[in-house]
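To start, the structure under review is shown below, and the notes come after it.
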Amino acid sequence: MPSAERTACGELNPSRRRVGPLIYTVSREDVRLLGVGRRMAELTNDFTWSKSRHEKFRECLRAYYYQYYGSWGGWEAPAGSPVRELYVLKKLSSRWQWAGSVVHTALKRMLERARHTGRFQGLDELLARTRERARRDWSVSREKSYWREPSQIAGLIEHEYTEPVPNQEWKRIWDEVIEGSLRAFFTSVAFERIQRTPREKWLSVDELDSWLFEGTKVWVAVDFAFGDADGVIHILDWKTGKQREVDHTQVGIYALYAQQKWGAAPQGVRGGLVYLATAAGDCVTVSADPVALEACKDEMRRSIAAMRERLDDAPRNVARLEQFPQLSAPESCRRCPFRRPCGRM
Ligand code: SF4
């Protein structure tokens, strides 16, 4: 069978799934959007867009303001100042976000090493190193060390707000989400395909990058991308949560990025969503056809316009707190990292 007929998921009919309507969910991407390769002091708060930014915009306008405006400059603000507090809080993750990020980091390191050495680390070795890192993360978070260096030290919302989480729950997070996901990855069809793909065909291993969409910088981090012998670009995204139709929308954004970054043809991108919560790391193929990509672009346009409409000065990206109201239902605030400065304790 010609390789173009198979996707990275090993499926034969890539067009059976399409990119769905753009609905946004929480992702680990937020944590990684700042401080990449540039000194913070040189940054200006320019308007950019990402899927996670829109998720925050839809979740709560006040949280969106804190995340993208109120905390700006917090890396150099004095301890105890409101801007410093918002900056530290915006870096925190829930235990589920943290577990997903541990898995992504472990796979990124393993694949990056394989890219350079040609050798894939074994599962036992990967689990041992990941366990060590996860334990260290958890311990320093419990001590709230992230207040010292929030851009370097992981912090958990549960520790910041002294939420009672039983030991069995932490163990379950390790067993089911972190170790379970890594085991699933090693048995997945996607990993088998990655191992068979010559390294010179690898295009990206979870690299944060940006592209321009109608003048707006858009952030993306593709978990894995490679080109096949027929010039088709395959994009893979690991998911540690349950399957949701909304995951397919991410592929549309990645496909648009692939067209711009690697010059992919309109029909020349295949997406694969690898669900690591399943024992075999089930892979679902997503085809991003031109109609679906146009719908994706429309959604992005609407999203960017809605964000910019809230600004006092859109060209200079100036926002005012009063334009970003709190949620009307306080019960939705229980997991928010900003609940203390927001007065919703
Ligand atoms: S505490 Fe509630 S209202 Fe305040 S930022 Fe968080 S989610 Fe929004």
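To be explicit about the labels: the chains of the structure tokens are called A, B, and onward in the order shown, and within each one the residues are counted from 1, while ligands get numbers from 1 in the order they are shown.
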Dump the neighbourhood of ligand 1 as an MDAnalysis selection string: all residues within 9 Å, distances computed on only C-alpha atoms and all ligand atoms. chainID A and resid 59:66 325:345
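The list of residues with at least one atom within 8 Å of Arg310 (chain A), based on only C-alpha atoms and without residues fewer than 3 positions apart in the same chain, reads A:Ala306, A:Met307, A:Ala319, A:Gln323, A:Phe324.
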Write out, as a tab-separated table, each residue of region 42-64 of chain A that has an atom at most 10 Å from region 297-301 of chain A, together with the closest pair of atoms and their distance in Å to one decimal, counting only C-alpha atoms, rows going by chain and rising number.
residue	atom	partner	partner_atom	distance
A:Trp49	CA	A:Met300	CA	8.7
A:Ser50	CA	A:Met300	CA	9.2
A:Lys51	CA	A:Met300	CA	9.0
A:His54	CA	A:Met300	CA	9.1
Written file, previous selection with N, CA and C atoms, as a PDB file, in the first residue's frame:
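part_38.pdb was written with the following content:
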ATOM      1  N   TRP A  49      -2.539  35.915  19.437  1.00  0.00           N
ATOM      2  CA  TRP A  49      -3.695  35.036  19.612  1.00  0.00           C
ATOM      3  C   TRP A  49      -3.209  33.598  19.740  1.00  0.00           C
ATOM      4  N   SER A  50      -3.935  32.833  20.530  1.00  0.00           N
ATOM      5  CA  SER A  50      -3.694  31.380  20.607  1.00  0.00           C
ATOM      6  C   SER A  50      -5.010  30.729  21.000  1.00  0.00           C
ATOM      7  N   LYS A  51      -5.080  29.458  20.816  1.00  0.00           N
ATOM      8  CA  LYS A  51      -6.285  28.732  21.209  1.00  0.00           C
ATOM      9  C   LYS A  51      -6.513  28.858  22.713  1.00  0.00           C
ATOM     10  N   HIS A  54      -7.994  32.171  23.673  1.00  0.00           N
ATOM     11  CA  HIS A  54      -9.433  32.261  23.439  1.00  0.00           C
ATOM     12  C   HIS A  54     -10.223  31.447  24.462  1.00  0.00           C
TER      13      HIS A  54
END
Skip Ala225 (chain A) itself and residues of its chain fewer than 2 positions away, then list as an NGL selection string all residues within 6 Å of it, counting only C-alpha atoms. :A and (203-204 or 234-235)
Which of these, A:Phe226, A:Ser139, A:Val205, A:Trp147, has the shortest distance to Gly80 (chain A) once you count only C-alpha atoms?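 Among the listed residues, A:Trp147 lies closest to Gly80 (chain A).
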So that I can check the secondary structure, give me every residue of region 64-141 of chain A assigned alpha helix (DSSP H) by backbone DSSP, as a VMD selection string. chain A and resid 64 to 65 82 to 90 95 to 117 123 to 141
For the selection you just gave me, I'd like the residues written to a file as a CSV table (one decimal), in the first residue's frame, keeping C-alpha atoms.
chain,number,residue,atom,x,y,z
A,64,TYR,CA,-8.5,36.8,30.8
A,65,TYR,CA,-7.6,40.4,31.9
A,82,PRO,CA,-0.5,43.1,43.0
A,83,VAL,CA,1.1,42.7,39.6
A,84,ARG,CA,3.6,40.2,41.0
A,85,GLU,CA,0.8,38.2,42.7
A,86,LEU,CA,-1.1,38.0,39.4
A,87,TYR,CA,2.0,37.0,37.6
A,88,VAL,CA,2.7,34.1,40.0
A,89,LEU,CA,-0.9,33.0,40.1
A,90,LYS,CA,-1.2,32.9,36.3
A,95,ARG,CA,-3.3,18.9,39.1
A,96,TRP,CA,-4.8,17.7,35.8
A,97,GLN,CA,-3.1,20.4,33.8
A,98,TRP,CA,0.2,19.6,35.6
A,99,ALA,CA,-0.1,15.9,34.9
A,100,GLY,CA,-0.7,16.6,31.2
A,101,SER,CA,2.3,18.8,31.1
A,102,VAL,CA,4.5,16.2,32.8
A,103,VAL,CA,3.5,13.7,30.1
A,104,HIS,CA,4.1,16.2,27.3
A,105,THR,CA,7.5,17.2,28.7
A,106,ALA,CA,8.6,13.6,29.1
A,107,LEU,CA,7.6,12.7,25.5
A,108,LYS,CA,9.2,15.9,24.1
A,109,ARG,CA,12.5,15.1,25.8
A,110,MET,CA,12.5,11.5,24.8
A,111,LEU,CA,11.7,12.4,21.1
A,112,GLU,CA,14.2,15.2,21.0
A,113,ARG,CA,16.9,12.9,22.3
A,114,ALA,CA,16.0,10.3,19.7
A,115,ARG,CA,16.1,13.0,17.0
A,116,HIS,CA,19.7,13.7,17.9
A,117,THR,CA,21.0,10.3,18.8
A,123,LEU,CA,9.8,2.8,28.7
A,124,ASP,CA,11.2,1.8,32.1
A,125,GLU,CA,14.0,4.4,31.8
A,126,LEU,CA,11.5,7.1,30.8
A,127,LEU,CA,9.1,6.2,33.6
A,128,ALA,CA,11.9,6.3,36.2
A,129,ARG,CA,13.1,9.8,35.1
A,130,THR,CA,9.6,11.1,34.8
A,131,ARG,CA,8.7,9.9,38.3
A,132,GLU,CA,11.8,11.6,39.7
A,133,ARG,CA,10.9,14.9,38.0
A,134,ALA,CA,7.2,14.7,39.0
A,135,ARG,CA,8.1,14.1,42.7
A,136,ARG,CA,10.5,17.0,42.6
A,137,ASP,CA,7.9,19.3,41.0
A,138,TRP,CA,5.3,18.2,43.6
A,139,SER,CA,7.6,18.8,46.6
A,140,VAL,CA,8.8,22.2,45.5
A,141,SER,CA,5.2,23.2,44.7
Option closest in space to Trp202 (chain A), from A:Leu43, A:Val189, A:Val218, A:Leu236 [counting only C-alpha atoms]: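 Among the listed residues, the smallest separation from Trp202 (chain A) belongs to A:Leu236.
CA of Ala264 (chain A) is positioned 26.8 Å from CA of Gly281 (chain A).
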When you look at Ala190 (chain A) with a cut-off of 12 Å (counting only C-alpha atoms), what residues show up, excluding the ones that are within fewer than 5 positions of it in the same chain? I need them as JSON, numbers by chain. {"A": [6, 7, 8, 9, 10, 11, 184, 185, 195, 196, 197, 223, 224, 225, 226, 234, 235, 236, 237, 238, 271, 272, 273, 274, 275, 276, 280, 281, 282, 283, 284, 285]}
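Considering only C-alpha atoms, the residue among A:Trp170, A:Trp72, A:Ala288, A:Glu309 positioned nearest to Thr44 (chain A) is A:Trp72.
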Please list as a list in words every residue within 6 Å of Ala221 (chain A), counting only C-alpha atoms and excluding residues in the same chain fewer than 2 positions away. Asp206, Glu207 and Leu208 of chain A
Measuring atom to atom with only C-alpha atoms, identify which of A:Val318, A:Cys296, A:Val220, A:Ile178 is nearest to Asp46 (chain A).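 The shortest atom-to-atom distance to Asp46 (chain A) comes from A:Val318.
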CA of Ser93 (chain A) to CA of Trp174 (chain A), straight-line distance in Å: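 Taking CA of Trp174 (chain A) and CA of Ser93 (chain A), their separation equals 15.6 Å.
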Of the candidates A:Gly155, A:Tyr68, A:Gln267, A:Glu160, which one gets nearest to Pro290 (chain A) if we count only C-alpha atoms? A:Gln267
